[in-house]
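Reviewing the structure listed below.
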Amino acid sequence: MDHQSTELLSPPAPSAEAADVELVDVTKRFGDVAAVDGIDLTVQPGEFLSLLGPSGCGKTTTLRLIAGFERPDEGEVRIGGRDVSRLPAYKRDVNTVFQSYALFPHLNVLENVAYGLKQRGLGRRERRARALEMLTLVRLGGFEPRKPRQLSGGQQQRVALARALVMNPRVLLLDEPLGALDLKVRKELQIELKRIQVDVGITFVYVTHDQEEALAMSDRVAVMNRGRIEQLGPPGEIYDRPATEFVAGFIGDTNFVRTNGSEVAIRPERMRVSREGKGLGGSVVTTMVIGPAVQCVVRLEDGQEVLVREQRSGQEQGVEALAEGERVVVSWADNEALELGGTNE
Ligand SMILES: Nc1ncnc2c1ncn2[C@@H]1O[C@H](COP(=O)(O)OP(=O)(O)OP(=O)(O)O)[C@@H](O)[C@H]1O
Ligand SMILES: [Mg+2]
């Protein structure tokens, strides 16, 4: 990688602002399984970074290594430039929000949020003031006297968030915090969470297997596969220039089409289907109208199937009017094909 050579060229800069989180060649094994397999990761102050990947790829383990709930077998975990690999969780300047809100059922909302401040020895008035400030931030002003069971799932997660933020950690770790919520509430809270993160300026490391969520909220996304980071970059880059076949297949929909002995990867929305013209011939397998778009599966002459997605034209002759079995031509502009690097295998 060329960042290594840059490192060699640049003078040491010990006074530069340290990264909030650094994982240096970190490995964590459970028996034979390397849940985290030699990961390097740097999270900058104020950054919203997501760990995204399929079930079992090591997202939670990575987060637990940062939090201090797991110790690395190899490598180093740094927070604010300091090696914390051997520091217990409670001594690390991080806080975690889990999918299950884990609120104290017998305490009201205000007491739940203020709880950690009490442990820290803050006086009653100060605790109350800071807890109220956080409840306003998560838009739960007025809910102080309620018990958790008197709140919706989304409201309970807001309380959990306020309870973590009130401790003013350097880094907030979030493990699928919206995973238990229905789609509509989840979308609302995505926008809220992003606003709050920008407001408070705290670094977020956010775990999700929901690509839309990661792409919508993050400054950078780390796409994980089998304990490794396959690609790390801003959402637009991950989507437009997936570095590996795995990333191209995991993020968005991708057709892998073999033509003239080589394979090209191409997004369904970058393809067109028409009744005549230049391109690959085939026949319509099925057409589905999905809101403003129409999806069409085409079986090419050599048997490959591709997915094409277009905006609906609303016209009688549009793609939505294609019938099963109809002969069509599939095409794309050369510059729409994704150029994939080698996989990291
Ligand atoms: N305490 C444990 N003991 C043994 N194996 C574990 C333990 N924790 C995790 N693993 C294994 O490590 C791998 C990574 O698990 P991890 O929980 O980090 O995945 P994940 O990406 O968070 O998945 P999910 O999206 O399902 O939450 C999996 O194969 C899992 O079975
Ligand atoms: Mg997990």
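As shown in the structure tokens, the chain order sets the letters A, B, ...; within each chain, residues go from 1, and ligands are also counted from 1 in the order they appear.
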Write as a PDB file with N, CA and C atoms, in the first residue's frame the residues around ligand 2, taking 8 Å as the cut-off and counting only C-alpha atoms and all ligand atoms.
ATOM      1  N   SER A  55     -23.503 -11.188   8.504  1.00  0.00           N
ATOM      2  CA  SER A  55     -23.514 -11.808   9.820  1.00  0.00           C
ATOM      3  C   SER A  55     -22.261 -12.670  10.010  1.00  0.00           C
ATOM      4  N   GLY A  56     -21.627 -12.507  11.166  1.00  0.00           N
ATOM      5  CA  GLY A  56     -20.476 -13.343  11.493  1.00  0.00           C
ATOM      6  C   GLY A  56     -19.152 -12.840  10.948  1.00  0.00           C
ATOM      7  N   GLY A  58     -17.394 -10.338  11.953  1.00  0.00           N
ATOM      8  CA  GLY A  58     -16.481  -9.826  12.986  1.00  0.00           C
ATOM      9  C   GLY A  58     -16.740  -8.397  13.439  1.00  0.00           C
ATOM     10  N   LYS A  59     -17.889  -7.847  13.100  1.00  0.00           N
ATOM     11  CA  LYS A  59     -18.204  -6.462  13.459  1.00  0.00           C
ATOM     12  C   LYS A  59     -18.271  -6.271  14.968  1.00  0.00           C
ATOM     13  N   THR A  60     -19.095  -7.110  15.618  1.00  0.00           N
ATOM     14  CA  THR A  60     -19.272  -6.971  17.062  1.00  0.00           C
ATOM     15  C   THR A  60     -17.958  -7.227  17.796  1.00  0.00           C
ATOM     16  N   THR A  61     -17.217  -8.216  17.338  1.00  0.00           N
ATOM     17  CA  THR A  61     -15.938  -8.515  17.989  1.00  0.00           C
ATOM     18  C   THR A  61     -14.999  -7.314  17.885  1.00  0.00           C
ATOM     19  N   ASP A 175     -23.677  -0.758  18.522  1.00  0.00           N
ATOM     20  CA  ASP A 175     -23.793  -2.069  17.884  1.00  0.00           C
ATOM     21  C   ASP A 175     -25.236  -2.317  17.451  1.00  0.00           C
ATOM     22  N   GLU A 176     -25.501  -2.107  16.192  1.00  0.00           N
ATOM     23  CA  GLU A 176     -26.851  -2.277  15.625  1.00  0.00           C
ATOM     24  C   GLU A 176     -27.908  -1.627  16.512  1.00  0.00           C
ATOM     25  N   VAL A 207     -21.853  -0.102  14.175  1.00  0.00           N
ATOM     26  CA  VAL A 207     -21.920  -1.427  13.557  1.00  0.00           C
ATOM     27  C   VAL A 207     -23.299  -1.675  12.964  1.00  0.00           C
ATOM     28  N   THR A 208     -23.332  -2.098  11.726  1.00  0.00           N
ATOM     29  CA  THR A 208     -24.617  -2.444  11.108  1.00  0.00           C
ATOM     30  C   THR A 208     -24.398  -3.460   9.990  1.00  0.00           C
TER      31      THR A 208
END
Q) Residues of segment 239-334 of chain A in strand (DSSP E) according to DSSP, as a ChimeraX atom specification? A) /A:255-259,262-266,272-274,280-290,293-300,305-311,327-331
Q.
When you look at Leu65 of chain A with a cut-off of 12 Å (counting only C-alpha atoms), what residues show up, excluding the ones that are within fewer than 3 positions of it in the same chain? I need them as number ranges by chain.
A. A: 21-24, 26-29, 35-36, 39, 58-62, 68-79, 84-89, 92, 94, 96, 173
Would you save the residues from that selection as an mmCIF file, in the first residue's frame, using C-alpha atoms?
data_model
loop_
_atom_site.group_PDB
_atom_site.id
_atom_site.type_symbol
_atom_site.label_atom_id
_atom_site.label_comp_id
_atom_site.auth_asym_id
_atom_site.auth_seq_id
_atom_site.Cartn_x
_atom_site.Cartn_y
_atom_site.Cartn_z
ATOM 1 C CA VAL A 21 -9.255 4.914 17.727
ATOM 2 C CA GLU A 22 -6.478 2.895 16.179
ATOM 3 C CA LEU A 23 -6.380 -0.820 15.623
ATOM 4 C CA VAL A 24 -2.915 -1.987 14.655
ATOM 5 C CA VAL A 26 -5.378 -6.731 15.602
ATOM 6 C CA THR A 27 -6.348 -10.405 15.671
ATOM 7 C CA LYS A 28 -8.894 -12.087 17.920
ATOM 8 C CA ARG A 29 -9.457 -15.846 17.767
ATOM 9 C CA ALA A 35 -13.182 -13.518 14.307
ATOM 10 C CA VAL A 36 -10.946 -10.518 13.648
ATOM 11 C CA ILE A 39 -7.242 -5.531 11.141
ATOM 12 C CA GLY A 58 -16.481 -9.826 12.986
ATOM 13 C CA LYS A 59 -18.204 -6.462 13.459
ATOM 14 C CA THR A 60 -19.272 -6.971 17.062
ATOM 15 C CA THR A 61 -15.938 -8.515 17.989
ATOM 16 C CA THR A 62 -14.130 -5.474 16.550
ATOM 17 C CA GLY A 68 -12.399 -3.535 26.180
ATOM 18 C CA PHE A 69 -14.839 -6.441 26.522
ATOM 19 C CA GLU A 70 -12.353 -8.556 24.566
ATOM 20 C CA ARG A 71 -8.542 -8.617 24.587
ATOM 21 C CA PRO A 72 -6.693 -8.974 21.268
ATOM 22 C CA ASP A 73 -4.569 -12.093 20.763
ATOM 23 C CA GLU A 74 -2.256 -10.013 18.621
ATOM 24 C CA GLY A 75 -1.866 -6.356 17.814
ATOM 25 C CA GLU A 76 -2.675 -3.190 19.644
ATOM 26 C CA VAL A 77 -5.775 -1.125 20.409
ATOM 27 C CA ARG A 78 -5.162 2.599 20.901
ATOM 28 C CA ILE A 79 -7.582 5.245 22.062
ATOM 29 C CA VAL A 84 -5.263 0.492 25.957
ATOM 30 C CA SER A 85 -4.959 -3.174 24.961
ATOM 31 C CA ARG A 86 -4.578 -4.215 28.587
ATOM 32 C CA LEU A 87 -6.892 -1.618 30.102
ATOM 33 C CA PRO A 88 -10.259 -2.857 31.417
ATOM 34 C CA ALA A 89 -13.421 -1.569 29.761
ATOM 35 C CA ARG A 92 -11.444 3.350 28.600
ATOM 36 C CA VAL A 94 -15.558 5.006 25.362
ATOM 37 C CA THR A 96 -21.341 1.539 24.130
ATOM 38 C CA LEU A 173 -19.575 2.618 20.045
#
Q: Please provide as a PyMOL selection string all residues within 8 Å of Gly153 of chain A, with the sequence filter that same-chain residues fewer than 3 positions apart are discarded (counting only C-alpha atoms).
A: chain A and resi 156-157+180-181
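With only C-alpha atoms as the atoms that count, the minimum distance from Leu137 of chain A to the choices A:Ala321, A:Glu192, A:Phe250, A:Asn112 is reached by A:Glu192.
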Q. If you run DSSP on this backbone, which residues of segment 56-240 of chain A come out as helix (DSSP H, G or I), and could you give them as number ranges by chain?
A. A: 59-67, 89-91, 109-119, 124-137, 148-150, 153-165, 183-200, 211-217, 235-240
Q.
Rounded to one decimal, what separation in Å do you get between atom CA of Phe104 of chain A and atom CA of Ala162 of chain A?
A. 13.7 Å
Q: Would you kindly return, as a ChimeraX atom specification, each protein, DNA or RNA residue with an atom no farther than 6 Å from any atom of His209 of chain A, considering only C-alpha atoms and excluding same-chain residues fewer than 5 positions away?
A: /A:52-54
Preceding selection exported with N, CA and C atoms as a tab-separated table (two decimals), in the first residue's frame:
chain	number	residue	atom	x	y	z
A	52	LEU	N	-19.46	-2.41	8.37
A	52	LEU	CA	-20.57	-2.99	7.64
A	52	LEU	C	-20.15	-4.34	7.09
A	53	GLY	N	-21.02	-5.32	7.22
A	53	GLY	CA	-20.68	-6.62	6.65
A	53	GLY	C	-21.71	-7.66	7.05
A	54	PRO	N	-21.64	-8.84	6.44
A	54	PRO	CA	-22.64	-9.88	6.69
A	54	PRO	C	-22.50	-10.45	8.10
Q. What is the atom CA of Leu117 of chain A to atom CA of Val205 of chain A distance in Å?
A. 22.7 Å
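From atom CA of Arg258 of chain A back to atom CA of Gln295 of chain A, the distance works out to 20.6 Å.
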Q.
Can you pull out the residues contacting Val319 of chain A? Cut-off 12 Å, using only C-alpha atoms, and skip same-chain residues under 4 positions away; I want them as a PyMOL selection string.
A. chain A and resi 272-275+284+286-289+293-298+308-315+323-324+326+328-330
Could you turn the residues from that selection into a file that holds C-alpha atoms, as a PDB file, in the first residue's frame?
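Saved to again-v7.pdb:
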ATOM      1  CA  ARG A 272     -30.844  -0.478 -20.164  1.00  0.00           C
ATOM      2  CA  VAL A 273     -33.252  -2.886 -21.738  1.00  0.00           C
ATOM      3  CA  SER A 274     -34.936  -2.208 -25.038  1.00  0.00           C
ATOM      4  CA  ARG A 275     -36.839  -4.036 -27.742  1.00  0.00           C
ATOM      5  CA  VAL A 284     -37.597 -11.294 -20.435  1.00  0.00           C
ATOM      6  CA  THR A 286     -40.019 -11.271 -15.313  1.00  0.00           C
ATOM      7  CA  THR A 287     -40.837  -7.611 -14.814  1.00  0.00           C
ATOM      8  CA  MET A 288     -41.625  -6.059 -11.428  1.00  0.00           C
ATOM      9  CA  VAL A 289     -42.821  -2.560 -10.701  1.00  0.00           C
ATOM     10  CA  ALA A 293     -38.790   1.985 -10.665  1.00  0.00           C
ATOM     11  CA  VAL A 294     -39.241  -1.097 -12.745  1.00  0.00           C
ATOM     12  CA  GLN A 295     -37.003  -4.150 -12.469  1.00  0.00           C
ATOM     13  CA  CYS A 296     -36.590  -6.567 -15.280  1.00  0.00           C
ATOM     14  CA  VAL A 297     -34.805  -9.922 -15.191  1.00  0.00           C
ATOM     15  CA  VAL A 298     -33.447 -10.882 -18.594  1.00  0.00           C
ATOM     16  CA  VAL A 308     -31.977  -4.249 -15.046  1.00  0.00           C
ATOM     17  CA  ARG A 309     -33.536  -1.388 -13.103  1.00  0.00           C
ATOM     18  CA  GLU A 310     -35.001   1.675 -14.791  1.00  0.00           C
ATOM     19  CA  GLN A 311     -37.224   4.562 -13.834  1.00  0.00           C
ATOM     20  CA  ARG A 312     -40.770   3.964 -14.976  1.00  0.00           C
ATOM     21  CA  SER A 313     -41.609   5.951 -18.036  1.00  0.00           C
ATOM     22  CA  GLY A 314     -45.349   5.761 -17.514  1.00  0.00           C
ATOM     23  CA  GLN A 315     -45.752   5.104 -21.215  1.00  0.00           C
ATOM     24  CA  ALA A 323     -44.030  -9.222 -21.339  1.00  0.00           C
ATOM     25  CA  GLU A 324     -42.546 -12.467 -20.121  1.00  0.00           C
ATOM     26  CA  GLU A 326     -40.397 -11.049 -25.045  1.00  0.00           C
ATOM     27  CA  VAL A 328     -35.029  -7.784 -25.800  1.00  0.00           C
ATOM     28  CA  VAL A 329     -31.554  -6.282 -25.956  1.00  0.00           C
ATOM     29  CA  VAL A 330     -29.550  -5.337 -22.862  1.00  0.00           C
TER      30      VAL A 330
END
Q: Excluding segment 253-256 of chain A and any residue of its chain fewer than 5 positions from it, enumerate the residues within 8 Å of it, using only C-alpha atoms, and give them as number ranges by chain.
A: A: 248, 263-268, 306-307
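Among A:Leu51, A:Ala131, A:Val97, A:Val43, the residue with the shortest atom-to-atom distance to ligand 1, counting only C-alpha atoms and all ligand atoms, is A:Leu51.
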